[in-house]
Structures are given as structure tokens and as C-alpha cells.
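model_39.cif, holding mmCIF, N, CA and C atoms and all ligand atoms:
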data_structure
loop_
_atom_site.label_atom_id
_atom_site.label_comp_id
_atom_site.auth_asym_id
_atom_site.auth_seq_id
_atom_site.Cartn_x
_atom_site.Cartn_y
_atom_site.Cartn_z
N MET A 1 2.59 -23.95 -3.82
CA MET A 1 2.04 -22.67 -3.36
C MET A 1 2.41 -22.46 -1.89
N ALA A 2 2.71 -21.23 -1.57
CA ALA A 2 3.17 -20.95 -0.22
C ALA A 2 2.25 -19.93 0.44
N LEU A 3 1.94 -20.16 1.71
CA LEU A 3 1.18 -19.17 2.48
C LEU A 3 2.14 -18.03 2.82
N GLU A 4 1.82 -16.84 2.34
CA GLU A 4 2.70 -15.68 2.53
C GLU A 4 1.95 -14.56 3.24
N ARG A 5 2.74 -13.63 3.76
CA ARG A 5 2.19 -12.38 4.28
C ARG A 5 2.79 -11.22 3.50
N THR A 6 1.97 -10.22 3.24
CA THR A 6 2.47 -9.03 2.56
C THR A 6 1.94 -7.80 3.28
N PHE A 7 2.63 -6.68 3.06
CA PHE A 7 2.25 -5.42 3.69
C PHE A 7 1.52 -4.55 2.68
N SER A 8 0.45 -3.92 3.12
CA SER A 8 -0.39 -3.11 2.23
C SER A 8 -0.68 -1.76 2.90
N ILE A 9 -0.81 -0.74 2.08
CA ILE A 9 -1.27 0.57 2.58
C ILE A 9 -2.42 1.04 1.70
N ILE A 10 -3.49 1.48 2.35
CA ILE A 10 -4.54 2.23 1.66
C ILE A 10 -4.14 3.69 1.81
N LYS A 11 -3.79 4.34 0.68
CA LYS A 11 -3.13 5.64 0.69
C LYS A 11 -4.13 6.79 0.93
N PRO A 12 -3.61 8.01 1.21
CA PRO A 12 -4.49 9.12 1.59
C PRO A 12 -5.56 9.49 0.55
N ASP A 13 -5.28 9.29 -0.74
CA ASP A 13 -6.32 9.64 -1.72
C ASP A 13 -7.54 8.74 -1.55
N ALA A 14 -7.31 7.50 -1.13
CA ALA A 14 -8.42 6.55 -0.95
C ALA A 14 -9.13 6.75 0.39
N THR A 15 -8.38 6.99 1.46
CA THR A 15 -9.07 7.21 2.75
C THR A 15 -9.90 8.50 2.68
N ARG A 16 -9.38 9.50 1.97
CA ARG A 16 -10.08 10.79 1.83
C ARG A 16 -11.44 10.61 1.15
N ARG A 17 -11.50 9.67 0.19
CA ARG A 17 -12.75 9.43 -0.54
C ARG A 17 -13.58 8.31 0.10
N ASN A 18 -13.20 7.90 1.33
CA ASN A 18 -13.99 6.92 2.09
C ASN A 18 -14.06 5.56 1.37
N LEU A 19 -12.91 5.14 0.81
CA LEU A 19 -12.88 3.92 0.01
C LEU A 19 -12.28 2.72 0.74
N THR A 20 -12.01 2.84 2.05
CA THR A 20 -11.35 1.74 2.76
C THR A 20 -12.13 0.43 2.60
N GLY A 21 -13.43 0.50 2.80
CA GLY A 21 -14.24 -0.72 2.73
C GLY A 21 -14.26 -1.31 1.32
N LYS A 22 -14.33 -0.45 0.32
CA LYS A 22 -14.37 -0.95 -1.06
C LYS A 22 -13.03 -1.58 -1.45
N VAL A 23 -11.92 -0.96 -1.02
CA VAL A 23 -10.61 -1.57 -1.29
C VAL A 23 -10.51 -2.91 -0.56
N ASN A 24 -10.91 -2.93 0.70
CA ASN A 24 -10.83 -4.18 1.47
C ASN A 24 -11.68 -5.28 0.82
N ALA A 25 -12.84 -4.91 0.29
CA ALA A 25 -13.69 -5.91 -0.37
C ALA A 25 -12.96 -6.52 -1.57
N MET A 26 -12.23 -5.69 -2.32
CA MET A 26 -11.50 -6.22 -3.49
C MET A 26 -10.34 -7.11 -3.05
N LEU A 27 -9.68 -6.74 -1.95
CA LEU A 27 -8.59 -7.58 -1.43
C LEU A 27 -9.14 -8.93 -1.00
N GLU A 28 -10.25 -8.90 -0.26
CA GLU A 28 -10.83 -10.15 0.25
C GLU A 28 -11.37 -11.01 -0.89
N GLU A 29 -11.98 -10.33 -1.86
CA GLU A 29 -12.50 -11.02 -3.05
C GLU A 29 -11.39 -11.78 -3.78
N ALA A 30 -10.17 -11.21 -3.74
CA ALA A 30 -9.01 -11.82 -4.41
C ALA A 30 -8.42 -12.97 -3.59
N GLY A 31 -8.97 -13.24 -2.41
CA GLY A 31 -8.50 -14.36 -1.61
C GLY A 31 -7.46 -13.98 -0.57
N LEU A 32 -7.32 -12.67 -0.34
CA LEU A 32 -6.38 -12.22 0.69
C LEU A 32 -7.13 -12.00 2.01
N ARG A 33 -6.51 -12.41 3.11
CA ARG A 33 -7.12 -12.26 4.44
C ARG A 33 -6.43 -11.10 5.15
N ILE A 34 -7.21 -10.15 5.65
CA ILE A 34 -6.64 -9.00 6.36
C ILE A 34 -6.42 -9.43 7.81
N ILE A 35 -5.16 -9.76 8.16
CA ILE A 35 -4.91 -10.31 9.50
C ILE A 35 -4.46 -9.24 10.48
N ALA A 36 -4.20 -8.01 10.00
CA ALA A 36 -3.91 -6.88 10.90
C ALA A 36 -4.22 -5.63 10.10
N GLN A 37 -4.69 -4.61 10.81
CA GLN A 37 -5.08 -3.39 10.11
C GLN A 37 -5.19 -2.25 11.13
N LYS A 38 -4.62 -1.09 10.80
CA LYS A 38 -4.86 0.09 11.64
C LYS A 38 -4.76 1.36 10.81
N ARG A 39 -5.54 2.35 11.23
CA ARG A 39 -5.55 3.64 10.55
C ARG A 39 -4.59 4.54 11.31
N ILE A 40 -3.61 5.09 10.60
CA ILE A 40 -2.59 5.92 11.24
C ILE A 40 -2.35 7.16 10.38
N ARG A 41 -1.67 8.12 10.94
CA ARG A 41 -1.17 9.23 10.15
C ARG A 41 0.35 9.06 10.12
N MET A 42 0.92 8.84 8.97
CA MET A 42 2.37 8.68 8.87
C MET A 42 3.05 9.99 9.23
N THR A 43 4.18 9.91 9.93
CA THR A 43 5.01 11.09 10.12
C THR A 43 5.86 11.27 8.86
N ARG A 44 6.43 12.45 8.71
CA ARG A 44 7.35 12.67 7.58
C ARG A 44 8.50 11.65 7.62
N GLU A 45 8.99 11.38 8.83
CA GLU A 45 10.09 10.41 8.96
C GLU A 45 9.65 9.01 8.53
N ASN A 46 8.43 8.62 8.92
CA ASN A 46 7.89 7.31 8.46
C ASN A 46 7.91 7.24 6.94
N ALA A 47 7.36 8.28 6.30
CA ALA A 47 7.21 8.25 4.83
C ALA A 47 8.57 8.28 4.14
N GLU A 48 9.50 9.09 4.67
CA GLU A 48 10.84 9.16 4.07
C GLU A 48 11.57 7.82 4.21
N THR A 49 11.40 7.18 5.37
CA THR A 49 12.03 5.87 5.59
C THR A 49 11.40 4.83 4.68
N PHE A 50 10.06 4.86 4.62
CA PHE A 50 9.33 3.85 3.85
C PHE A 50 9.70 3.90 2.37
N TYR A 51 9.81 5.11 1.82
CA TYR A 51 10.11 5.26 0.39
C TYR A 51 11.57 5.65 0.14
N ALA A 52 12.47 5.32 1.08
CA ALA A 52 13.88 5.70 0.97
C ALA A 52 14.51 5.22 -0.35
N VAL A 53 14.03 4.08 -0.86
CA VAL A 53 14.56 3.55 -2.12
C VAL A 53 14.37 4.54 -3.28
N HIS A 54 13.39 5.44 -3.14
CA HIS A 54 13.10 6.41 -4.21
C HIS A 54 13.68 7.80 -3.93
N LYS A 55 14.59 7.94 -2.95
CA LYS A 55 14.95 9.30 -2.52
C LYS A 55 15.69 10.12 -3.56
N GLU A 56 16.30 9.45 -4.54
CA GLU A 56 16.97 10.21 -5.61
C GLU A 56 16.02 10.55 -6.77
N ARG A 57 14.80 10.03 -6.73
CA ARG A 57 13.87 10.25 -7.84
C ARG A 57 13.28 11.66 -7.74
N PRO A 58 12.95 12.27 -8.89
CA PRO A 58 12.45 13.66 -8.87
C PRO A 58 11.13 13.82 -8.13
N PHE A 59 10.36 12.74 -8.03
CA PHE A 59 9.05 12.84 -7.39
C PHE A 59 9.08 12.55 -5.89
N PHE A 60 10.27 12.33 -5.32
CA PHE A 60 10.35 11.88 -3.92
C PHE A 60 9.69 12.86 -2.94
N GLY A 61 10.02 14.15 -3.07
CA GLY A 61 9.47 15.15 -2.13
C GLY A 61 7.96 15.20 -2.18
N GLU A 62 7.42 15.21 -3.39
CA GLU A 62 5.96 15.24 -3.55
C GLU A 62 5.32 13.96 -3.04
N LEU A 63 5.99 12.85 -3.26
CA LEU A 63 5.45 11.56 -2.79
C LEU A 63 5.35 11.55 -1.27
N VAL A 64 6.39 12.03 -0.60
CA VAL A 64 6.37 12.09 0.87
C VAL A 64 5.25 13.02 1.33
N ASP A 65 5.14 14.20 0.71
CA ASP A 65 4.06 15.14 1.07
C ASP A 65 2.69 14.48 0.90
N PHE A 66 2.53 13.74 -0.19
CA PHE A 66 1.25 13.06 -0.44
C PHE A 66 0.97 12.02 0.64
N MET A 67 1.97 11.23 1.01
CA MET A 67 1.74 10.14 1.97
C MET A 67 1.40 10.64 3.37
N ILE A 68 1.76 11.91 3.66
CA ILE A 68 1.43 12.45 4.98
C ILE A 68 0.27 13.47 4.89
N SER A 69 -0.39 13.52 3.73
CA SER A 69 -1.45 14.52 3.52
C SER A 69 -2.77 14.12 4.18
N GLY A 70 -2.86 12.91 4.68
CA GLY A 70 -4.07 12.44 5.34
C GLY A 70 -3.80 11.08 5.94
N PRO A 71 -4.80 10.53 6.62
CA PRO A 71 -4.59 9.21 7.22
C PRO A 71 -4.39 8.11 6.18
N VAL A 72 -3.68 7.08 6.58
CA VAL A 72 -3.54 5.87 5.76
C VAL A 72 -4.01 4.69 6.60
N VAL A 73 -4.34 3.59 5.92
CA VAL A 73 -4.64 2.34 6.62
C VAL A 73 -3.53 1.37 6.28
N VAL A 74 -2.77 0.95 7.31
CA VAL A 74 -1.70 -0.03 7.10
C VAL A 74 -2.26 -1.41 7.43
N GLN A 75 -1.84 -2.40 6.64
CA GLN A 75 -2.45 -3.73 6.73
C GLN A 75 -1.42 -4.83 6.53
N VAL A 76 -1.70 -5.97 7.12
CA VAL A 76 -0.98 -7.19 6.77
C VAL A 76 -1.98 -8.15 6.13
N LEU A 77 -1.64 -8.61 4.94
CA LEU A 77 -2.51 -9.51 4.19
C LEU A 77 -1.86 -10.88 4.13
N GLU A 78 -2.67 -11.92 4.31
CA GLU A 78 -2.16 -13.29 4.28
C GLU A 78 -2.91 -14.10 3.23
N GLY A 79 -2.20 -14.97 2.56
CA GLY A 79 -2.84 -15.86 1.58
C GLY A 79 -1.80 -16.62 0.78
N GLU A 80 -2.27 -17.53 -0.05
CA GLU A 80 -1.38 -18.25 -0.96
C GLU A 80 -0.75 -17.23 -1.91
N ASN A 81 0.55 -17.22 -2.01
CA ASN A 81 1.26 -16.27 -2.89
C ASN A 81 0.77 -14.84 -2.71
N ALA A 82 0.63 -14.42 -1.46
CA ALA A 82 -0.01 -13.14 -1.15
C ALA A 82 0.70 -11.95 -1.80
N ILE A 83 2.02 -12.01 -1.94
CA ILE A 83 2.75 -10.85 -2.48
C ILE A 83 2.36 -10.63 -3.94
N ALA A 84 2.47 -11.67 -4.75
CA ALA A 84 2.11 -11.55 -6.17
C ALA A 84 0.61 -11.33 -6.35
N LYS A 85 -0.19 -12.02 -5.52
CA LYS A 85 -1.64 -11.88 -5.64
C LYS A 85 -2.06 -10.45 -5.37
N ASN A 86 -1.47 -9.84 -4.33
CA ASN A 86 -1.82 -8.45 -4.02
C ASN A 86 -1.37 -7.52 -5.14
N ARG A 87 -0.15 -7.73 -5.68
CA ARG A 87 0.32 -6.88 -6.80
C ARG A 87 -0.64 -7.01 -7.98
N ASP A 88 -1.17 -8.22 -8.20
CA ASP A 88 -2.13 -8.42 -9.30
C ASP A 88 -3.41 -7.62 -9.08
N VAL A 89 -3.95 -7.70 -7.89
CA VAL A 89 -5.24 -7.03 -7.64
C VAL A 89 -5.05 -5.51 -7.55
N MET A 90 -3.83 -5.06 -7.18
CA MET A 90 -3.54 -3.61 -7.17
C MET A 90 -3.52 -3.04 -8.59
N GLY A 91 -2.87 -3.73 -9.49
CA GLY A 91 -2.70 -3.22 -10.85
C GLY A 91 -1.43 -2.38 -10.98
N ALA A 92 -1.15 -1.94 -12.21
CA ALA A 92 0.09 -1.22 -12.50
C ALA A 92 0.16 0.10 -11.73
N THR A 93 1.39 0.57 -11.49
CA THR A 93 1.62 1.81 -10.73
C THR A 93 0.82 2.97 -11.31
N ASN A 94 0.88 3.11 -12.64
CA ASN A 94 0.13 4.18 -13.31
C ASN A 94 -1.27 3.66 -13.66
N PRO A 95 -2.31 4.26 -13.11
CA PRO A 95 -3.66 3.73 -13.38
C PRO A 95 -3.99 3.66 -14.87
N LYS A 96 -3.33 4.50 -15.67
CA LYS A 96 -3.58 4.44 -17.12
C LYS A 96 -3.14 3.10 -17.71
N ASP A 97 -2.17 2.45 -17.06
CA ASP A 97 -1.65 1.17 -17.54
C ASP A 97 -2.27 -0.02 -16.81
N ALA A 98 -3.09 0.25 -15.79
CA ALA A 98 -3.61 -0.83 -14.95
C ALA A 98 -4.75 -1.57 -15.66
N ALA A 99 -4.80 -2.88 -15.42
CA ALA A 99 -5.83 -3.71 -16.06
C ALA A 99 -7.20 -3.43 -15.46
N GLU A 100 -8.22 -3.65 -16.29
CA GLU A 100 -9.61 -3.53 -15.82
C GLU A 100 -9.83 -4.41 -14.60
N GLY A 101 -10.58 -3.91 -13.63
CA GLY A 101 -10.92 -4.71 -12.46
C GLY A 101 -9.92 -4.61 -11.33
N THR A 102 -8.77 -3.96 -11.58
CA THR A 102 -7.79 -3.81 -10.51
C THR A 102 -8.16 -2.60 -9.64
N ILE A 103 -7.57 -2.55 -8.45
CA ILE A 103 -7.87 -1.46 -7.51
C ILE A 103 -7.44 -0.13 -8.11
N ARG A 104 -6.24 -0.09 -8.70
CA ARG A 104 -5.75 1.19 -9.23
C ARG A 104 -6.56 1.63 -10.46
N LYS A 105 -6.94 0.70 -11.32
CA LYS A 105 -7.77 1.07 -12.47
C LYS A 105 -9.12 1.63 -11.98
N THR A 106 -9.64 1.01 -10.93
CA THR A 106 -10.97 1.39 -10.45
C THR A 106 -10.94 2.70 -9.67
N PHE A 107 -9.89 2.91 -8.86
CA PHE A 107 -9.94 4.02 -7.89
C PHE A 107 -8.83 5.06 -8.01
N ALA A 108 -7.66 4.74 -8.58
CA ALA A 108 -6.53 5.68 -8.49
C ALA A 108 -6.82 6.97 -9.23
N GLU A 109 -6.27 8.06 -8.70
CA GLU A 109 -6.45 9.38 -9.31
C GLU A 109 -5.31 9.72 -10.27
N SER A 110 -4.11 9.19 -9.99
CA SER A 110 -2.92 9.53 -10.78
C SER A 110 -1.82 8.53 -10.46
N ILE A 111 -0.68 8.66 -11.17
CA ILE A 111 0.45 7.76 -10.89
C ILE A 111 0.94 7.93 -9.45
N GLU A 112 0.80 9.12 -8.89
CA GLU A 112 1.21 9.34 -7.49
C GLU A 112 0.10 8.91 -6.54
N ALA A 113 -1.09 9.49 -6.73
CA ALA A 113 -2.22 9.20 -5.84
C ALA A 113 -2.91 7.94 -6.34
N ASN A 114 -2.21 6.79 -6.13
CA ASN A 114 -2.66 5.56 -6.76
C ASN A 114 -3.24 4.56 -5.76
N SER A 115 -3.78 5.09 -4.66
CA SER A 115 -4.71 4.41 -3.75
C SER A 115 -4.15 3.31 -2.86
N VAL A 116 -3.17 2.53 -3.35
CA VAL A 116 -2.66 1.42 -2.55
C VAL A 116 -1.16 1.21 -2.75
N HIS A 117 -0.54 0.65 -1.74
CA HIS A 117 0.83 0.13 -1.82
C HIS A 117 0.78 -1.36 -1.54
N GLY A 118 1.69 -2.10 -2.14
CA GLY A 118 1.88 -3.51 -1.78
C GLY A 118 3.34 -3.87 -1.86
N SER A 119 3.82 -4.68 -0.93
CA SER A 119 5.23 -5.10 -0.93
C SER A 119 5.57 -5.77 -2.25
N ASP A 120 6.85 -5.62 -2.67
CA ASP A 120 7.25 -6.19 -3.96
C ASP A 120 8.12 -7.44 -3.83
N SER A 121 8.43 -7.88 -2.60
CA SER A 121 9.24 -9.10 -2.41
C SER A 121 9.04 -9.60 -0.99
N GLN A 122 9.44 -10.86 -0.76
CA GLN A 122 9.31 -11.42 0.60
C GLN A 122 10.17 -10.64 1.58
N ALA A 123 11.38 -10.26 1.14
CA ALA A 123 12.29 -9.54 2.04
C ALA A 123 11.69 -8.19 2.43
N ASN A 124 11.16 -7.45 1.44
CA ASN A 124 10.56 -6.15 1.76
C ASN A 124 9.28 -6.30 2.56
N ALA A 125 8.51 -7.34 2.31
CA ALA A 125 7.29 -7.56 3.09
C ALA A 125 7.65 -7.70 4.57
N ALA A 126 8.67 -8.49 4.86
CA ALA A 126 9.06 -8.70 6.26
C ALA A 126 9.53 -7.40 6.91
N ILE A 127 10.32 -6.61 6.17
CA ILE A 127 10.82 -5.33 6.71
C ILE A 127 9.66 -4.37 6.95
N GLU A 128 8.76 -4.26 5.99
CA GLU A 128 7.66 -3.30 6.07
C GLU A 128 6.67 -3.69 7.18
N ILE A 129 6.36 -4.98 7.31
CA ILE A 129 5.45 -5.44 8.37
C ILE A 129 6.07 -5.11 9.73
N ALA A 130 7.36 -5.41 9.90
CA ALA A 130 8.01 -5.19 11.20
C ALA A 130 8.11 -3.71 11.54
N TYR A 131 8.17 -2.86 10.52
CA TYR A 131 8.25 -1.41 10.77
C TYR A 131 6.95 -0.88 11.35
N PHE A 132 5.83 -1.40 10.92
CA PHE A 132 4.53 -0.84 11.32
C PHE A 132 3.77 -1.67 12.35
N PHE A 133 4.10 -2.95 12.55
CA PHE A 133 3.31 -3.79 13.44
C PHE A 133 4.20 -4.55 14.42
N ALA A 134 3.69 -4.67 15.65
CA ALA A 134 4.29 -5.58 16.63
C ALA A 134 3.79 -6.98 16.34
N GLY A 135 4.58 -7.97 16.67
CA GLY A 135 4.18 -9.37 16.44
C GLY A 135 2.83 -9.68 17.07
N SER A 136 2.56 -9.08 18.25
CA SER A 136 1.31 -9.35 18.97
C SER A 136 0.08 -8.79 18.24
N GLU A 137 0.29 -7.91 17.25
CA GLU A 137 -0.84 -7.34 16.51
C GLU A 137 -1.24 -8.20 15.31
N LEU A 138 -0.45 -9.22 15.00
CA LEU A 138 -0.74 -10.06 13.84
C LEU A 138 -1.54 -11.27 14.30
N VAL A 139 -2.81 -11.26 13.98
CA VAL A 139 -3.70 -12.32 14.43
C VAL A 139 -4.16 -13.10 13.21
N GLY A 140 -3.52 -14.22 12.93
CA GLY A 140 -3.76 -14.96 11.68
C GLY A 140 -5.08 -15.70 11.66
P1 LIG B 201 4.15 1.07 -4.19
O1 LIG B 201 5.63 0.93 -3.84
O2 LIG B 201 3.50 2.30 -3.59
O3 LIG B 201 3.38 -0.18 -3.92
P2 LIG B 201 4.76 0.54 -6.94
O4 LIG B 201 5.66 -0.52 -6.41
O5 LIG B 201 3.72 0.16 -7.97
O6 LIG B 201 4.01 1.29 -5.77
P3 LIG B 201 7.06 2.27 -7.15
O7 LIG B 201 7.87 2.37 -8.39
O8 LIG B 201 7.61 1.52 -5.98
O9 LIG B 201 5.62 1.72 -7.56
O10 LIG B 201 6.71 3.77 -6.70
C1 LIG B 201 6.30 4.03 -5.37
C2 LIG B 201 5.20 5.07 -5.41
O11 LIG B 201 5.75 6.31 -5.85
C3 LIG B 201 4.06 4.79 -6.39
O12 LIG B 201 3.08 3.93 -5.89
C4 LIG B 201 3.52 6.16 -6.61
O13 LIG B 201 2.69 6.58 -5.51
C5 LIG B 201 4.79 7.02 -6.61
N1 LIG B 201 5.33 7.19 -7.97
C6 LIG B 201 5.97 6.28 -8.74
N2 LIG B 201 6.34 6.77 -9.91
C7 LIG B 201 5.96 8.09 -9.90
C8 LIG B 201 6.06 9.17 -10.82
N3 LIG B 201 6.65 9.02 -12.00
N4 LIG B 201 5.53 10.37 -10.46
C9 LIG B 201 4.93 10.53 -9.26
N5 LIG B 201 4.81 9.56 -8.32
C10 LIG B 201 5.31 8.35 -8.65
MG MG B 202 7.08 -0.18 -4.85
#

Let me see whether you can do it: turn the structure in this file into C-alpha cells.
Amino acid sequence: MALERTFSIIKPDATRRNLTGKVNAMLEEAGLRIIAQKRIRMTRENAETFYAVHKERPFFGELVDFMISGPVVVQVLEGENAIAKNRDVMGATNPKDAAEGTIRKTFAESIEANSVHGSDSQANAAIEIAYFFAGSELVG
């Protein structure tokens, strides 16, 4: 088992419904430690860069509009196998497919407004953390 760091976002649908604390409780319950966290409003450029991998997808424009529709909470989570562990507690992208007890099953409104993001690999976790946080903001 490896101590890993992953990048997480509490998306605008969740901050709008005042769910930051409830999402954080589920992350902590799963054994993830929130070692950095800040509430920001993404710029259009931030959102387009962040989801650039999806820019050819039909939902890209709406996804960017959604991500800048309200504040988000960006986070760095640390724990044993944090990347896979966070993906487990998040649940499937579409809340209809998400397992009982997961964040998306519990809180997501739709496949787009699905409450949380989590990095999908070590390489992407490192890129995403460095995009939003300075090294001095990571307090393990
Ligand atoms: P994320 O990258 O946000 O953690 P994910 O890895 O589960 O989610 P991706 O396939 O990377 O899913 O999609 C990125 C995001 O794009 C999703 O979380 C969701 O907000 C949105 N999305 C994905 N598929 C669709 C779709 N078919 N229609 C609308 N929005 C979508
Ligand atoms: Mg993804």
C-alpha cells in the first residue's frame, strides 16, 4: 500500500446546496485526510484547461458553464491508495449507476452536476494539484 495524494473538487451543485461539510465527512470517513482546501471561483480558462481532455465531447461547453456557475472547493486528499479510495467513495460518474453510500449516489443531481471530481491517475493527480496549489499550501 502506498501513501498517495489526489486532487478533489466539490462542484458548484454541492456548494450551492451547502454540502461541503457533508462531503468532507464522507471523505474523512473513508480514511482520506484533507491536507489542503480552498473555496475558489474557477475562471472559464481554469475550467477549459482542467477539462481539456473532454473538449471534443458534445457536453464540453455545458460542462465548462456548469463548473463556473458558482464557487467550488478544491482539495488535496492524502491516504493509503488515495486515488482509488477517493474514486470509490465518489461513485460512478452517472449517479444512476453509482453504488449506495457513495457521494454521487447520495448527493449528485445529474451526470453533469455530480457533486465531486477526483483524479483518475497518479500522473493527473500531480498535474491537477500543481495547477491549483502552491507547495507551501500542502500541509500534510
Ligand atoms: P471527474 O473527471 O469530474 O472526476 P469522472 O472522471 O467520473 O468525473 P469524466 O468522464 O472524466 O468523469 O467526465 C468529467 C465530467 O464531465 C463528469 O464528472 C461530469 O461532470 C461531466 N460529464 C461526463 N459525461 C457527461 C455527459 N454524458 N453529459 C454531461 N456531462 C458529462
Ligand atoms: Mg475524469

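With all atoms listed in the file as the atoms that count, the residue of A:Ser119, A:Ser136, A:Thr20, A:Ser110 with the shortest distance to ligand MG 202 (chain B) is A:Ser119.
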
Taking only N, CA and C atoms and all ligand atoms into account, list the residues no farther than 7 Å from ligand MG 202 (chain B), as a short mmCIF file (atom, residue, chain, number, x, y, z; two decimals) with N, CA and C atoms, in the coordinates of the input.
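Listing of pocket-v6.cif after writing:
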data_model
loop_
_atom_site.label_atom_id
_atom_site.label_comp_id
_atom_site.auth_asym_id
_atom_site.auth_seq_id
_atom_site.Cartn_x
_atom_site.Cartn_y
_atom_site.Cartn_z
N HIS A 117 -0.54 0.65 -1.74
CA HIS A 117 0.83 0.13 -1.82
C HIS A 117 0.78 -1.36 -1.54
N GLY A 118 1.69 -2.10 -2.14
CA GLY A 118 1.88 -3.51 -1.78
C GLY A 118 3.34 -3.87 -1.86
N SER A 119 3.82 -4.68 -0.93
CA SER A 119 5.23 -5.10 -0.93
C SER A 119 5.57 -5.77 -2.25
N ASP A 120 6.85 -5.62 -2.67
CA ASP A 120 7.25 -6.19 -3.96
C ASP A 120 8.12 -7.44 -3.83
#

Discussion item. For a quick check of understanding, using only C-alpha atoms and all ligand atoms, which of A:Met90, A:Leu77, A:Ala126, A:Ile103 has the smallest distance to ligand LIG 201 (chain B)?
Written reply: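 Result for the nearest residue to ligand LIG 201 (chain B): A:Met90.
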
Discussion item. Please determine, counting all atoms listed in the file, which residue among A:Glu28, A:Glu128, A:Glu100, A:Glu62 has the shortest atom-to-atom distance to ligand LIG 201 (chain B).
Written reply: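 Among the listed residues, A:Glu62 lies closest to ligand LIG 201 (chain B).
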
Worksheet entry | Two-atom distance - atom CA of A:Lys22, atom CA of A:Lys38 (Å) |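 Atom CA of A:Lys38 lies at a distance of 15.9 Å from atom CA of A:Lys22.
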
Discussion item. Going by DSSP on the backbone, which residues of stretch 17-136 of chain A come out as strand (DSSP E)? List them as a list in words.
Written reply: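 For stretch 17-136 of chain A, the strand (DSSP E) set is Arg33, Ile34, Ile35, Ala36, Gln37, Lys38, Arg39, Ile40, Val72, Val73, Val74, Gln75, Val76, Leu77, Glu78, Gly79, Glu80, Val116, His117 and Gly118 of chain A.
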
With N, CA and C atoms retained, could you export that selection as a CSV table (one decimal), in the coordinates of the input?
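Saved the output as part-v5.csv:
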chain,number,residue,atom,x,y,z
A,33,ARG,N,-6.5,-12.4,3.1
A,33,ARG,CA,-7.1,-12.3,4.4
A,33,ARG,C,-6.4,-11.1,5.2
A,34,ILE,N,-7.2,-10.2,5.6
A,34,ILE,CA,-6.6,-9.0,6.4
A,34,ILE,C,-6.4,-9.4,7.8
A,35,ILE,N,-5.2,-9.8,8.2
A,35,ILE,CA,-4.9,-10.3,9.5
A,35,ILE,C,-4.5,-9.2,10.5
A,36,ALA,N,-4.2,-8.0,10.0
A,36,ALA,CA,-3.9,-6.9,10.9
A,36,ALA,C,-4.2,-5.6,10.1
A,37,GLN,N,-4.7,-4.6,10.8
A,37,GLN,CA,-5.1,-3.4,10.1
A,37,GLN,C,-5.2,-2.2,11.1
A,38,LYS,N,-4.6,-1.1,10.8
A,38,LYS,CA,-4.9,0.1,11.6
A,38,LYS,C,-4.8,1.4,10.8
A,39,ARG,N,-5.5,2.4,11.2
A,39,ARG,CA,-5.6,3.6,10.6
A,39,ARG,C,-4.6,4.5,11.3
A,40,ILE,N,-3.6,5.1,10.6
A,40,ILE,CA,-2.6,5.9,11.2
A,40,ILE,C,-2.4,7.2,10.4
A,72,VAL,N,-3.7,7.1,6.6
A,72,VAL,CA,-3.5,5.9,5.8
A,72,VAL,C,-4.0,4.7,6.6
A,73,VAL,N,-4.3,3.6,5.9
A,73,VAL,CA,-4.6,2.3,6.6
A,73,VAL,C,-3.5,1.4,6.3
A,74,VAL,N,-2.8,1.0,7.3
A,74,VAL,CA,-1.7,0.0,7.1
A,74,VAL,C,-2.3,-1.4,7.4
A,75,GLN,N,-1.8,-2.4,6.6
A,75,GLN,CA,-2.4,-3.7,6.7
A,75,GLN,C,-1.4,-4.8,6.5
A,76,VAL,N,-1.7,-6.0,7.1
A,76,VAL,CA,-1.0,-7.2,6.8
A,76,VAL,C,-2.0,-8.2,6.1
A,77,LEU,N,-1.6,-8.6,4.9
A,77,LEU,CA,-2.5,-9.5,4.2
A,77,LEU,C,-1.9,-10.9,4.1
A,78,GLU,N,-2.7,-11.9,4.3
A,78,GLU,CA,-2.2,-13.3,4.3
A,78,GLU,C,-2.9,-14.1,3.2
A,79,GLY,N,-2.2,-15.0,2.6
A,79,GLY,CA,-2.8,-15.9,1.6
A,79,GLY,C,-1.8,-16.6,0.8
A,80,GLU,N,-2.3,-17.5,0.0
A,80,GLU,CA,-1.4,-18.2,-1.0
A,80,GLU,C,-0.8,-17.2,-1.9
A,116,VAL,N,-3.2,2.5,-3.4
A,116,VAL,CA,-2.7,1.4,-2.6
A,116,VAL,C,-1.2,1.2,-2.8
A,117,HIS,N,-0.5,0.6,-1.7
A,117,HIS,CA,0.8,0.1,-1.8
A,117,HIS,C,0.8,-1.4,-1.5
A,118,GLY,N,1.7,-2.1,-2.1
A,118,GLY,CA,1.9,-3.5,-1.8
A,118,GLY,C,3.3,-3.9,-1.9

Worksheet item: By how many Å are atom CA of A:Ala98 and atom O12 of ligand LIG 201 (chain B) apart?
Response: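 Separating atom CA of A:Ala98 from atom O12 of ligand LIG 201 (chain B) is a distance of 12.2 Å.
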